[in-house]
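S.K.: Dropping in entry.cif, with mmCIF, C-alpha atoms.
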```
data_work
#
loop_
_atom_site.label_atom_id
_atom_site.label_comp_id
_atom_site.auth_asym_id
_atom_site.auth_seq_id
_atom_site.Cartn_x
_atom_site.Cartn_y
_atom_site.Cartn_z
CA MET C 1 12.00 -29.69 33.73
CA LEU C 2 13.09 -26.51 31.93
CA SER C 3 16.85 -26.40 31.29
CA LYS C 4 17.31 -23.22 33.31
CA ALA C 5 18.89 -22.97 36.76
CA ASN C 6 17.20 -19.80 38.11
CA TRP C 7 13.85 -20.23 36.39
CA ASP C 8 11.67 -19.24 39.36
CA GLU C 9 13.55 -15.95 39.75
CA THR C 10 13.42 -15.32 36.01
CA LYS C 11 9.65 -15.77 35.91
CA ARG C 12 9.25 -13.31 38.77
CA ARG C 13 11.44 -10.75 37.03
CA TRP C 14 9.63 -11.09 33.69
CA ASP C 15 6.32 -10.59 35.44
CA SER C 16 7.74 -7.43 37.03
CA TYR C 17 9.09 -6.21 33.68
CA TRP C 18 5.64 -6.04 32.12
CA LYS C 19 4.58 -3.95 35.14
CA ARG C 20 7.67 -1.72 34.79
CA ASN C 21 8.71 -2.65 38.30
CA VAL C 22 11.88 -4.76 38.02
CA GLN C 23 13.88 -5.02 41.23
CA GLY C 24 17.68 -5.23 41.08
CA VAL C 25 19.48 -5.20 37.72
CA PRO C 26 17.68 -4.74 34.38
CA LEU C 27 16.39 -7.85 32.63
CA MET C 28 19.16 -9.30 30.47
CA CYS C 29 19.22 -12.02 27.83
CA ILE C 30 22.65 -13.58 28.27
CA VAL C 31 23.42 -16.92 26.63
CA ALA C 32 26.98 -18.20 27.03
CA GLU C 33 28.75 -21.12 25.41
CA LYS C 34 29.96 -23.69 27.92
CA PRO C 35 33.78 -23.88 27.71
CA GLY C 36 34.85 -26.88 25.67
CA ALA C 37 31.29 -28.10 25.19
CA VAL C 38 30.95 -27.67 21.43
CA ASP C 39 32.12 -30.57 19.28
CA LYS C 40 32.91 -29.21 15.81
CA GLU C 41 32.10 -32.51 14.11
CA VAL C 42 28.70 -32.75 15.79
CA GLN C 43 28.04 -29.11 15.03
CA ALA C 44 28.87 -29.66 11.35
CA ALA C 45 26.63 -32.74 11.16
CA LEU C 46 23.72 -30.74 12.58
CA LYS C 47 24.12 -27.84 10.16
CA SER C 48 21.13 -27.38 7.85
CA ARG C 49 21.48 -29.40 4.66
CA ASP C 50 18.77 -27.59 2.71
CA MET C 51 15.72 -25.39 3.23
CA TYR C 52 13.49 -28.29 4.23
CA ASP C 53 16.01 -29.32 6.86
CA LYS C 54 16.29 -25.73 8.13
CA TYR C 55 12.60 -24.83 8.36
CA ARG C 56 10.39 -27.92 8.13
CA ASP C 57 12.10 -31.07 9.43
CA ALA C 58 10.86 -31.46 13.01
CA ALA C 59 13.35 -34.13 14.05
CA ARG C 60 16.38 -32.25 12.73
CA MET C 61 15.23 -28.90 14.13
CA ALA C 62 14.62 -30.40 17.57
CA GLU C 63 17.98 -32.19 17.45
CA ARG C 64 19.83 -28.99 16.55
CA TYR C 65 18.17 -27.02 19.30
CA ARG C 66 18.69 -29.71 21.92
CA TYR C 67 22.41 -29.61 21.13
CA TRP C 68 22.36 -25.83 21.51
CA VAL C 69 20.73 -26.20 24.94
CA GLN C 70 23.29 -28.81 25.97
CA THR C 71 26.26 -26.65 24.96
CA HIS C 72 25.08 -23.30 26.33
CA GLU C 73 24.14 -21.74 29.68
CA PHE C 74 20.98 -19.63 29.89
CA LEU C 75 22.09 -16.94 32.30
CA ALA C 76 20.39 -13.89 33.80
CA ASP C 77 16.85 -13.71 32.34
CA SER C 78 17.38 -15.79 29.20
CA PHE C 79 15.58 -19.10 28.85
CA PRO C 80 15.61 -21.98 26.35
CA ASN C 81 13.03 -21.64 23.57
CA ILE C 82 12.97 -22.86 20.00
CA SER C 83 11.89 -20.75 17.04
CA LEU C 84 9.81 -22.65 14.49
CA ASP C 85 9.02 -19.75 12.20
CA PHE C 86 7.83 -20.12 8.64
CA GLY C 87 9.21 -16.61 8.22
CA PRO C 88 8.10 -13.22 9.51
CA GLY C 89 4.42 -12.82 8.67
CA SER C 90 3.23 -16.38 8.19
CA ILE C 91 -0.45 -15.38 8.40
CA ALA C 92 -0.01 -14.27 4.77
CA ALA C 93 0.72 -17.89 3.85
CA TYR C 94 -2.29 -19.14 5.80
CA LEU C 95 -4.42 -16.66 3.80
CA GLY C 96 -3.19 -17.65 0.35
CA SER C 97 0.43 -16.65 -0.29
CA ASP C 98 3.02 -19.24 -1.16
CA ILE C 99 6.30 -19.39 0.77
CA GLU C 100 9.77 -19.13 -0.71
CA PHE C 101 12.39 -20.30 1.79
CA SER C 102 16.00 -19.09 1.58
CA PRO C 103 19.00 -19.37 3.92
CA GLY C 104 18.70 -15.82 5.25
CA THR C 105 14.99 -15.06 5.14
CA VAL C 106 11.57 -16.15 3.90
CA TRP C 107 9.43 -14.50 1.23
CA PHE C 108 5.68 -14.61 0.66
CA THR C 109 4.49 -14.49 -2.93
CA GLN C 110 1.91 -11.97 -4.08
CA CYS C 111 -1.43 -13.66 -4.70
CA VAL C 112 -4.05 -10.86 -4.87
CA GLU C 113 -4.30 -8.95 -8.15
CA GLU C 114 -7.33 -6.89 -7.16
CA TRP C 115 -9.34 -6.70 -3.95
CA GLU C 116 -12.56 -6.22 -5.87
CA GLY C 117 -14.34 -9.57 -5.97
CA TYR C 118 -11.68 -11.24 -3.82
CA PRO C 119 -13.17 -13.46 -1.09
CA LYS C 120 -13.23 -12.29 2.50
CA LEU C 121 -10.06 -13.16 4.41
CA ARG C 122 -11.08 -15.93 6.79
CA PHE C 123 -9.50 -18.36 9.19
CA ASP C 124 -8.78 -21.47 7.10
CA PRO C 125 -7.80 -24.54 9.14
CA ALA C 126 -7.42 -26.54 5.92
CA ASN C 127 -4.79 -24.24 4.37
CA HIS C 128 -1.80 -26.43 3.53
CA TRP C 129 0.83 -24.08 4.99
CA TYR C 130 -1.12 -23.62 8.20
CA SER C 131 -1.71 -27.38 8.51
CA GLU C 132 1.99 -28.10 7.98
CA HIS C 133 3.02 -25.42 10.45
CA ILE C 134 0.72 -26.76 13.17
CA LYS C 135 2.00 -30.28 12.51
CA LEU C 136 5.59 -29.06 12.87
CA PHE C 137 4.76 -27.60 16.29
CA GLN C 138 2.99 -30.77 17.37
CA ASP C 139 5.95 -32.93 16.36
CA VAL C 140 8.60 -30.71 17.97
CA LYS C 141 6.54 -30.47 21.15
CA LYS C 142 6.71 -34.25 21.53
CA LEU C 143 10.48 -34.17 21.00
CA ALA C 144 11.06 -31.20 23.33
CA GLY C 145 9.28 -32.62 26.34
CA ASP C 146 9.62 -30.20 29.25
CA ASP C 147 13.17 -29.14 28.40
CA TYR C 148 12.42 -25.92 26.53
CA TYR C 149 9.61 -23.67 25.37
CA LEU C 150 8.15 -23.57 21.89
CA ALA C 151 7.98 -19.91 20.88
CA ILE C 152 4.83 -18.59 19.23
CA PRO C 153 5.73 -17.86 15.57
CA ASP C 154 6.06 -14.43 13.99
CA LEU C 155 2.52 -14.21 12.66
CA MET C 156 2.34 -10.45 11.98
CA GLU C 157 -0.77 -8.37 11.55
CA ASN C 158 -2.61 -5.49 9.86
CA ILE C 159 -1.27 -3.98 6.65
CA ASP C 160 2.02 -5.92 6.80
CA VAL C 161 0.03 -9.06 5.97
CA LEU C 162 -1.83 -7.29 3.17
CA ALA C 163 1.43 -6.06 1.67
CA SER C 164 2.56 -9.69 1.37
CA LEU C 165 -0.72 -10.74 -0.23
CA ARG C 166 -1.07 -7.79 -2.57
CA GLY C 167 2.48 -6.41 -2.97
CA ALA C 168 3.89 -3.29 -1.33
CA GLN C 169 3.43 -0.95 -4.31
CA ASN C 170 -0.16 -2.02 -4.90
CA THR C 171 -0.89 -1.52 -1.20
CA ILE C 172 0.42 2.04 -1.40
CA PHE C 173 -1.99 2.70 -4.29
CA ASP C 174 -4.81 1.07 -2.31
CA MET C 175 -4.35 3.56 0.53
CA VAL C 176 -5.05 6.38 -1.90
CA ASP C 177 -7.49 4.80 -4.36
CA GLU C 178 -9.45 2.37 -2.17
CA PRO C 179 -9.13 3.48 1.48
CA GLU C 180 -12.45 1.96 2.54
CA GLU C 181 -11.58 -1.40 0.94
CA LEU C 182 -8.17 -1.31 2.59
CA GLU C 183 -9.67 -0.59 6.01
CA GLU C 184 -12.06 -3.49 5.58
CA ARG C 185 -9.24 -5.86 4.62
CA ILE C 186 -7.10 -4.72 7.56
CA GLN C 187 -10.03 -5.47 9.84
CA GLN C 188 -10.36 -8.93 8.30
CA VAL C 189 -6.72 -9.63 9.17
CA GLN C 190 -7.43 -8.34 12.66
CA ASP C 191 -10.43 -10.68 12.94
CA VAL C 192 -8.40 -13.80 12.11
CA TYR C 193 -5.22 -12.90 14.00
CA PHE C 194 -6.16 -14.32 17.36
CA GLN C 195 -7.75 -17.39 15.80
CA TYR C 196 -4.32 -18.23 14.42
CA TYR C 197 -2.48 -17.00 17.50
CA ASP C 198 -4.67 -19.03 19.85
CA SER C 199 -4.09 -22.24 17.90
CA PHE C 200 -0.34 -21.87 18.43
CA TYR C 201 -0.80 -20.64 22.00
CA ASP C 202 -2.68 -23.83 22.79
CA LEU C 203 0.41 -25.78 21.70
CA CYS C 204 3.08 -23.48 23.12
CA ALA C 205 1.70 -22.33 26.46
CA ARG C 206 2.99 -24.11 29.56
CA ASN C 207 1.60 -24.31 33.06
CA GLU C 208 3.75 -22.18 35.37
CA ASP C 209 2.67 -21.85 38.99
CA GLY C 210 -0.92 -22.73 38.13
CA ARG C 211 -1.10 -20.22 35.25
CA LEU C 212 -0.48 -20.56 31.54
CA ALA C 213 2.56 -18.74 30.20
CA SER C 214 4.02 -18.18 26.74
CA CYS C 215 6.97 -16.72 24.89
CA TYR C 216 7.28 -15.09 21.47
CA THR C 217 9.83 -16.00 18.84
CA VAL C 218 13.03 -14.06 18.05
CA PHE C 219 12.48 -11.35 20.65
CA GLN C 220 13.03 -13.68 23.62
CA ILE C 221 10.09 -12.33 25.62
CA TRP C 222 8.13 -14.38 28.16
CA GLY C 223 5.09 -13.74 30.32
CA TYR C 224 2.07 -15.19 32.05
CA GLY C 225 -0.84 -15.39 29.63
CA LYS C 226 -0.68 -14.28 26.00
CA THR C 227 2.66 -12.73 25.08
CA VAL C 228 2.85 -10.99 21.69
CA LYS C 229 5.03 -8.81 19.53
CA LEU C 230 3.12 -6.30 17.38
CA GLN C 231 4.42 -4.27 14.48
CA CYS C 232 3.72 -2.37 11.30
CA ASP C 233 6.85 -2.28 9.16
CA PHE C 234 4.78 -0.92 6.27
CA SER C 235 4.35 2.25 8.35
CA ALA C 236 7.71 3.42 6.98
CA MET C 237 5.78 4.18 3.78
CA MET C 238 2.86 5.88 5.54
CA GLY C 239 2.34 9.40 6.80
CA PRO C 240 1.30 10.05 10.42
CA LYS C 241 -2.30 10.80 9.38
CA GLN C 242 -2.54 7.52 7.43
CA PHE C 243 -1.05 5.59 10.34
CA ARG C 244 -3.61 7.01 12.74
CA GLN C 245 -6.41 6.22 10.30
CA PHE C 246 -5.49 2.70 9.21
CA ILE C 247 -3.21 1.24 11.90
CA GLN C 248 -3.51 2.83 15.34
CA PRO C 249 -7.10 1.62 15.96
CA VAL C 250 -6.38 -2.03 15.11
CA LEU C 251 -3.16 -2.06 17.15
CA ASP C 252 -5.10 -0.64 20.08
CA ALA C 253 -7.78 -3.32 19.78
CA GLN C 254 -5.22 -6.10 19.29
CA SER C 255 -3.16 -5.06 22.32
CA LYS C 256 -6.25 -5.25 24.53
CA GLN C 257 -6.62 -8.95 23.71
CA ALA C 258 -3.13 -9.85 24.91
CA ASP C 259 -1.49 -9.85 28.34
CA ASN C 260 2.07 -8.78 27.51
CA VAL C 261 2.71 -6.62 24.45
CA LEU C 262 6.00 -5.57 22.87
CA TYR C 263 5.92 -3.24 19.87
CA HIS C 264 8.65 -3.68 17.24
CA LEU C 265 9.54 -0.28 15.73
CA ASP C 266 11.62 -0.95 12.64
CA GLY C 267 13.90 1.65 11.11
CA PRO C 268 14.30 5.43 11.02
CA ASP C 269 11.35 5.94 8.63
CA ALA C 270 8.97 4.53 11.28
CA ILE C 271 10.03 6.89 14.09
CA LYS C 272 7.47 9.49 13.02
CA HIS C 273 4.69 7.20 14.31
CA LEU C 274 6.06 6.97 17.84
CA PRO C 275 3.63 9.57 19.29
CA ALA C 276 0.64 7.58 17.99
CA LEU C 277 2.10 4.33 19.32
CA MET C 278 2.76 5.75 22.76
CA GLU C 279 -0.93 6.68 23.00
CA ILE C 280 -1.86 2.97 22.88
CA GLU C 281 -2.34 1.92 26.49
CA GLY C 282 -2.03 -1.80 25.78
CA ILE C 283 1.54 -1.53 24.46
CA ASP C 284 3.78 -2.38 27.43
CA ALA C 285 7.24 -1.96 25.91
CA LEU C 286 8.97 -0.76 22.76
CA GLN C 287 11.69 -2.55 20.82
CA TRP C 288 13.67 -0.27 18.52
CA THR C 289 15.41 -1.77 15.49
CA SER C 290 17.85 0.85 14.25
CA GLY C 291 18.49 -0.67 10.81
CA SER C 292 21.29 -2.58 9.11
CA TYR C 293 23.84 0.24 8.88
CA ASN C 294 23.05 2.15 12.06
CA PRO C 295 24.46 1.74 15.58
CA ASP C 296 22.75 -0.65 17.97
CA GLY C 297 20.09 0.34 20.47
CA THR C 298 22.48 1.49 23.19
CA HIS C 299 23.84 4.52 21.33
CA GLU C 300 22.92 8.01 22.53
CA GLN C 301 21.58 9.05 19.12
CA TRP C 302 18.45 7.00 19.92
CA PHE C 303 17.77 8.73 23.23
CA ASP C 304 15.11 10.97 21.63
CA ILE C 305 13.14 7.78 20.99
CA TYR C 306 13.65 6.48 24.51
CA ASP C 307 12.65 9.87 25.98
CA GLN C 308 9.22 9.43 24.41
CA VAL C 309 8.99 5.86 25.66
CA LYS C 310 9.91 6.91 29.19
CA ARG C 311 7.40 9.80 29.20
CA ALA C 312 4.66 7.39 28.12
CA GLY C 313 5.48 5.03 31.00
CA LYS C 314 6.43 2.13 28.73
CA GLY C 315 9.24 -0.39 29.02
CA PHE C 316 12.40 -0.63 26.91
CA TRP C 317 13.74 -3.57 24.87
CA VAL C 318 17.29 -2.67 23.79
CA GLN C 319 19.46 -4.74 21.44
CA VAL C 320 23.20 -4.72 22.11
CA TYR C 321 25.76 -5.86 19.52
CA ASN C 322 28.26 -3.16 18.48
CA GLY C 323 31.77 -3.68 19.83
CA ASP C 324 32.93 -5.96 22.61
CA VAL C 325 31.80 -6.43 26.20
CA GLU C 326 33.73 -3.37 27.41
CA ASP C 327 32.03 -1.23 24.75
CA TRP C 328 28.66 -2.60 25.84
CA ILE C 329 29.33 -1.79 29.48
CA ARG C 330 30.46 1.75 28.71
CA ARG C 331 27.32 2.57 26.69
CA ILE C 332 24.88 0.79 28.99
CA ASP C 333 26.29 2.71 31.96
CA VAL C 334 24.98 5.86 30.27
CA LEU C 335 21.68 4.26 29.28
CA VAL C 336 20.91 2.94 32.77
CA ALA C 337 21.96 6.19 34.45
CA ARG C 338 19.49 8.09 32.26
CA TYR C 339 16.48 5.77 32.21
CA GLY C 340 16.90 3.55 35.26
CA SER C 341 16.74 -0.21 35.61
CA ASN C 342 13.12 -0.98 36.46
CA ALA C 343 11.70 -1.18 32.90
CA LEU C 344 14.74 -2.15 30.84
CA PHE C 345 15.49 -5.39 28.95
CA LEU C 346 18.94 -5.77 27.39
CA TYR C 347 19.29 -8.33 24.60
CA PHE C 348 22.87 -9.51 24.01
CA PRO C 349 24.22 -11.83 21.31
CA PRO C 350 25.53 -15.25 22.40
CA MET C 351 28.93 -14.84 24.07
CA SER C 352 31.75 -16.57 25.89
CA MET C 353 31.40 -17.50 29.54
CA ASP C 354 34.14 -15.01 30.46
CA SER C 355 32.25 -12.16 28.78
CA ALA C 356 29.01 -13.22 30.47
CA GLN C 357 30.62 -13.23 33.91
CA ARG C 358 32.21 -9.82 33.30
CA LEU C 359 28.88 -8.41 32.21
CA MET C 360 26.88 -9.80 35.12
CA GLU C 361 29.44 -8.75 37.71
CA HIS C 362 29.42 -5.18 36.39
CA ALA C 363 25.62 -5.13 36.29
CA ASP C 364 25.40 -6.27 39.89
CA LYS C 365 27.72 -3.48 41.01
CA HIS C 366 26.49 -0.60 38.84
CA TRP C 367 23.05 -1.25 37.34
CA LYS C 368 21.08 -2.39 40.37
CA ASP C 369 17.93 -0.44 41.40
CA VAL C 370 18.91 2.68 39.45
CA GLU C 371 16.15 5.28 39.40
CA GLY C 372 17.42 7.21 36.37
CA THR C 373 17.84 10.92 35.87
CA PHE C 374 15.36 11.43 33.01
CA LYS C 375 12.01 12.77 34.15
#
```
For the structure just supplied, provide its representation as structure tokens.
M.R.:
Amino acid sequence: MLSKANWDETKRRWDSYWKRNVQGVPLMCIVAEKPGAVDKEVQAALKSRDMYDKYRDAARMAERYRYWVQTHEFLADSFPNISLDFGPGSIAAYLGSDIEFSPGTVWFTQCVEEWEGYPKLRFDPANHWYSEHIKLFQDVKKLAGDDYYLAIPDLMENIDVLASLRGAQNTIFDMVDEPEELEERIQQVQDVYFQYYDSFYDLCARNEDGRLASCYTVFQIWGYGKTVKLQCDFSAMMGPKQFRQFIQPVLDAQSKQADNVLYHLDGPDAIKHLPALMEIEGIDALQWTSGSYNPDGTHEQWFDIYDQVKRAGKGFWVQVYNGDVEDWIRRIDVLVARYGSNALFLYFPPMSMDSAQRLMEHADKHWKDVEGTFK
């Protein structure tokens, strides 16, 4: 049984979110530490000892997450799910890159010197990184039982994968010098994406109310059927014409093969592609990442982005982290009043139980069934 008290209600609300028809308060990811539940000695013993322990040891990863579930409450629309990522963009490793693990992130080594003469990019079930990753999921699934979801890993797609294989600078040159070759290679990534996705979906999907359902790592999104996060971080180095030529068509095709689609727009240099993204019917919601040194997603300086999202009839995924709970409430009051509550997901960092209760009480009084003033 999933370790989540209001799971039936949460499923209903997530289903409504993808239809932009949430009733009541906006969706909210609120995870609160149970008062007095954390034992510092146990917590220290479970801390990652090395990179193998952190990313590849199934027993230790499952043990750490089980302790997290035991010491935290999954409130509002949050739900327990474990991330088993081999880093953002692991399809690059399945296609030939090597992986360099570090405490803060994961890197994929360049392995393609020239595309000319390089074999077609194909699904390779014998690739050692793919085989190990699948085995990790299989092992953790046995340890998890029915207590929490396994999140589909951050596979990535299109030119982001090629930039890992070939290097970012070389990929920029390829756009200019070998556009037809680049388009062909992007399509090859597109062709293998759902072969890899489906193999993880088969392990991660759970039967909910007679239907399969899945969640996607990091972004804490859940839905009936195939739930995905799409992106193109490399678009920061592309012009709008290049984006429409190389990326928009494959994102459109990819979104049509999934049931619930969140697009991850990363950084100010990617904003210029928002009009092209909003033309893609299969994108259900947009997640804006403002960048390391910029305010979080609730600040009014991002409202120009959200105006475009609202006009396109898409949903919002908004990350909240600047300040304390009173700061959050003050800014979200403005956000909800402008855009309404029926297509909004608010992602909060883990917090104390007191902060969680304050937040939920305010939401129930002030953010419920708000239509929004922006038209």
S.K.: Using all atoms listed in the file, which of C:Pro153, C:Gly323, C:Pro125, C:Pro103 sits nearest Val218 (chain C)?
M.R.: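 Of C:Pro153, C:Gly323, C:Pro125, C:Pro103, the one nearest Val218 (chain C), counting all atoms listed in the file, is C:Pro153.
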S.K.: Using all atoms listed in the file, pick whichever of C:Ala258, C:Val325, C:Val192, C:Cys29 has the shortest atom-to-atom distance to Tyr347 (chain C).
M.R.: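 Of the candidates, the smallest distance to Tyr347 (chain C) is held by C:Cys29.
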S.K.: Taking the file as shown, what set of residues would the PyMOL selection byres ((chain C and resi 107) around 10) give back, as a PDB file with C-alpha atoms, keeping the file's coordinate frame?
M.R.:
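Result file is result16.pdb:
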```pdb
ATOM      1  CA  PHE C  86       7.830 -20.120   8.640  1.00  0.00           C
ATOM      2  CA  GLY C  87       9.210 -16.610   8.220  1.00  0.00           C
ATOM      3  CA  PRO C  88       8.100 -13.220   9.510  1.00  0.00           C
ATOM      4  CA  GLY C  89       4.420 -12.820   8.670  1.00  0.00           C
ATOM      5  CA  SER C  90       3.230 -16.380   8.190  1.00  0.00           C
ATOM      6  CA  ALA C  93       0.720 -17.890   3.850  1.00  0.00           C
ATOM      7  CA  SER C  97       0.430 -16.650  -0.290  1.00  0.00           C
ATOM      8  CA  ASP C  98       3.020 -19.240  -1.160  1.00  0.00           C
ATOM      9  CA  ILE C  99       6.300 -19.390   0.770  1.00  0.00           C
ATOM     10  CA  GLU C 100       9.770 -19.130  -0.710  1.00  0.00           C
ATOM     11  CA  PHE C 101      12.390 -20.300   1.790  1.00  0.00           C
ATOM     12  CA  SER C 102      16.000 -19.090   1.580  1.00  0.00           C
ATOM     13  CA  THR C 105      14.990 -15.060   5.140  1.00  0.00           C
ATOM     14  CA  VAL C 106      11.570 -16.150   3.900  1.00  0.00           C
ATOM     15  CA  PHE C 108       5.680 -14.610   0.660  1.00  0.00           C
ATOM     16  CA  THR C 109       4.490 -14.490  -2.930  1.00  0.00           C
ATOM     17  CA  GLN C 110       1.910 -11.970  -4.080  1.00  0.00           C
ATOM     18  CA  SER C 164       2.560  -9.690   1.370  1.00  0.00           C
TER      19      SER C 164
END
```
S.K.: For each of C:Asp269, C:Asp209, C:Glu63, C:Asp296, take the minimum atom-to-atom distance to Leu46 (chain C), counting all atoms listed in the file, then give the residue where this is smallest.
M.R.: C:Glu63
S.K.: Of the residues C:Tyr193, C:Tyr67, C:Phe79, C:Phe173, which is the one nearest to Leu121 (chain C), using all atoms listed in the file?
M.R.: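 Using all atoms listed in the file, Leu121 (chain C) sits closest to C:Tyr193.
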S.K.: So what do you get for CA of Ser352 (chain C) versus CA of Pro35 (chain C), distance-wise?
M.R.: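 Result for CA of Ser352 (chain C) versus CA of Pro35 (chain C): 7.8 Å, one decimal.
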S.K.: One number please: CA of Asn21 (chain C) to CA of Asn342 (chain C), in Å, one decimal.
M.R.: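 Computed distance, CA of Asn21 (chain C) to CA of Asn342 (chain C), equals 5.1 Å.
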S.K.: Enclose the full set of atoms of region 19-37 of chain C listed in the file within a box whose edges lie along x, y and z, apply 3 Å of padding to each of the six sides, and report centre and edge lengths in Å to one decimal as JSON.
M.R.:
```
{"center_x": 19.7, "center_y": -14.9, "center_z": 33.2, "size_x": 36.3, "size_y": 32.4, "size_z": 22.0}
```
S.K.: When the PyMOL selection byres ((chain C and resi 160) around 10) is applied to the structure above, which residues does it catch, written out as a ChimeraX atom specification?
M.R.: /C:88-89,91-92,156-159,161-165,167-168,171,186,189,231-235
S.K.: Point out the residue among C:Gln138, C:Asn170, C:Gln308, C:Ser355 with the least atom-to-atom distance to Leu274 (chain C), counting only C-alpha atoms.
M.R.: C:Gln308
S.K.: May I have the residues within 9 Å of region 38-45 of chain C as a PyMOL selection string, using all atoms listed in the file and disregarding those fewer than 2 positions away in the same chain?
M.R.: chain C and resi 33-36+47-49+64+67-68+70-72
S.K.: Find, counting all atoms listed in the file, the residue in C:Gly145, C:Gly297, C:Pro350, C:Gly267 that gets nearest to Asn322 (chain C).
M.R.: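 Under the stated criterion, the closest residue is C:Gly297.
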S.K.: If you measure from CA of Cys204 (chain C) to CA of Trp129 (chain C), what distance in Å do you get, rounded to one decimal?
M.R.: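 Atom-to-atom, CA of Cys204 (chain C) and CA of Trp129 (chain C) are spaced 18.3 Å apart.
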S.K.: Given the PyMOL selection byres ((chain C and resi 334) around 12) and the file above, list the residues it selects as a list in words.
M.R.: Thr298, His299, Glu300, Phe303, Asp327, Trp328, Ile329, Arg330, Arg331, Ile332, Asp333, Leu335, Val336, Ala337, Arg338, Tyr339, Gly340, Ser341, His366, Trp367, Val370, Gly372, Thr373 and Phe374 of chain C
S.K.: Write out as a PyMOL selection string the residues lying within 12 Å of Arg12 (chain C), counting all atoms listed in the file and excluding same-chain residues fewer than 5 positions away.
M.R.: chain C and resi 6-7+17-19+21-24+27+77+208-209+222-224
S.K.: Show me, as a PDB file with C-alpha atoms, keeping the file's coordinate frame, the residues that have an atom within 9 Å of Ile134 (chain C) when counting all atoms listed in the file, minus same-chain residues fewer than 6 positions from it.
M.R.:
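See part06.pdb below for the written result:
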```
ATOM      1  CA  SER C 199      -4.090 -22.240  17.900  1.00  0.00           C
ATOM      2  CA  PHE C 200      -0.340 -21.870  18.430  1.00  0.00           C
ATOM      3  CA  LEU C 203       0.410 -25.780  21.700  1.00  0.00           C
TER       4      LEU C 203
END
```
S.K.: Would you mind writing region 231-242 of chain C with N, CA and C atoms, as an mmCIF file, in the frame of the given file?
M.R.:
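In the end it all went to out22.cif:
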```
data_model
loop_
_atom_site.group_PDB
_atom_site.id
_atom_site.type_symbol
_atom_site.label_atom_id
_atom_site.label_comp_id
_atom_site.auth_asym_id
_atom_site.auth_seq_id
_atom_site.Cartn_x
_atom_site.Cartn_y
_atom_site.Cartn_z
ATOM 1 N N GLN C 231 3.604 -5.118 15.338
ATOM 2 C CA GLN C 231 4.420 -4.270 14.480
ATOM 3 C C GLN C 231 3.600 -3.723 13.325
ATOM 4 N N CYS C 232 4.218 -2.797 12.605
ATOM 5 C CA CYS C 232 3.720 -2.370 11.300
ATOM 6 C C CYS C 232 4.908 -1.818 10.528
ATOM 7 N N ASP C 233 5.679 -2.711 9.922
ATOM 8 C CA ASP C 233 6.850 -2.280 9.160
ATOM 9 C C ASP C 233 6.460 -1.437 7.948
ATOM 10 N N PHE C 234 5.264 -1.687 7.417
ATOM 11 C CA PHE C 234 4.780 -0.920 6.270
ATOM 12 C C PHE C 234 4.613 0.562 6.619
ATOM 13 N N SER C 235 4.552 0.867 7.913
ATOM 14 C CA SER C 235 4.350 2.250 8.350
ATOM 15 C C SER C 235 5.467 3.167 7.880
ATOM 16 N N ALA C 236 6.627 2.602 7.523
ATOM 17 C CA ALA C 236 7.710 3.420 6.980
ATOM 18 C C ALA C 236 7.277 4.137 5.713
ATOM 19 N N MET C 237 6.274 3.589 5.024
ATOM 20 C CA MET C 237 5.780 4.180 3.780
ATOM 21 C C MET C 237 4.479 4.938 3.975
ATOM 22 N N MET C 238 4.110 5.189 5.234
ATOM 23 C CA MET C 238 2.860 5.880 5.540
ATOM 24 C C MET C 238 3.160 7.199 6.240
ATOM 25 N N GLY C 239 2.267 8.168 6.055
ATOM 26 C CA GLY C 239 2.340 9.400 6.800
ATOM 27 C C GLY C 239 1.653 9.244 8.155
ATOM 28 N N PRO C 240 1.929 10.142 9.093
ATOM 29 C CA PRO C 240 1.300 10.050 10.420
ATOM 30 C C PRO C 240 -0.224 10.020 10.376
ATOM 31 N N LYS C 241 -0.840 10.797 9.480
ATOM 32 C CA LYS C 241 -2.300 10.800 9.380
ATOM 33 C C LYS C 241 -2.806 9.441 8.904
ATOM 34 N N GLN C 242 -2.154 8.850 7.921
ATOM 35 C CA GLN C 242 -2.540 7.520 7.430
ATOM 36 C C GLN C 242 -2.373 6.462 8.516
#
```
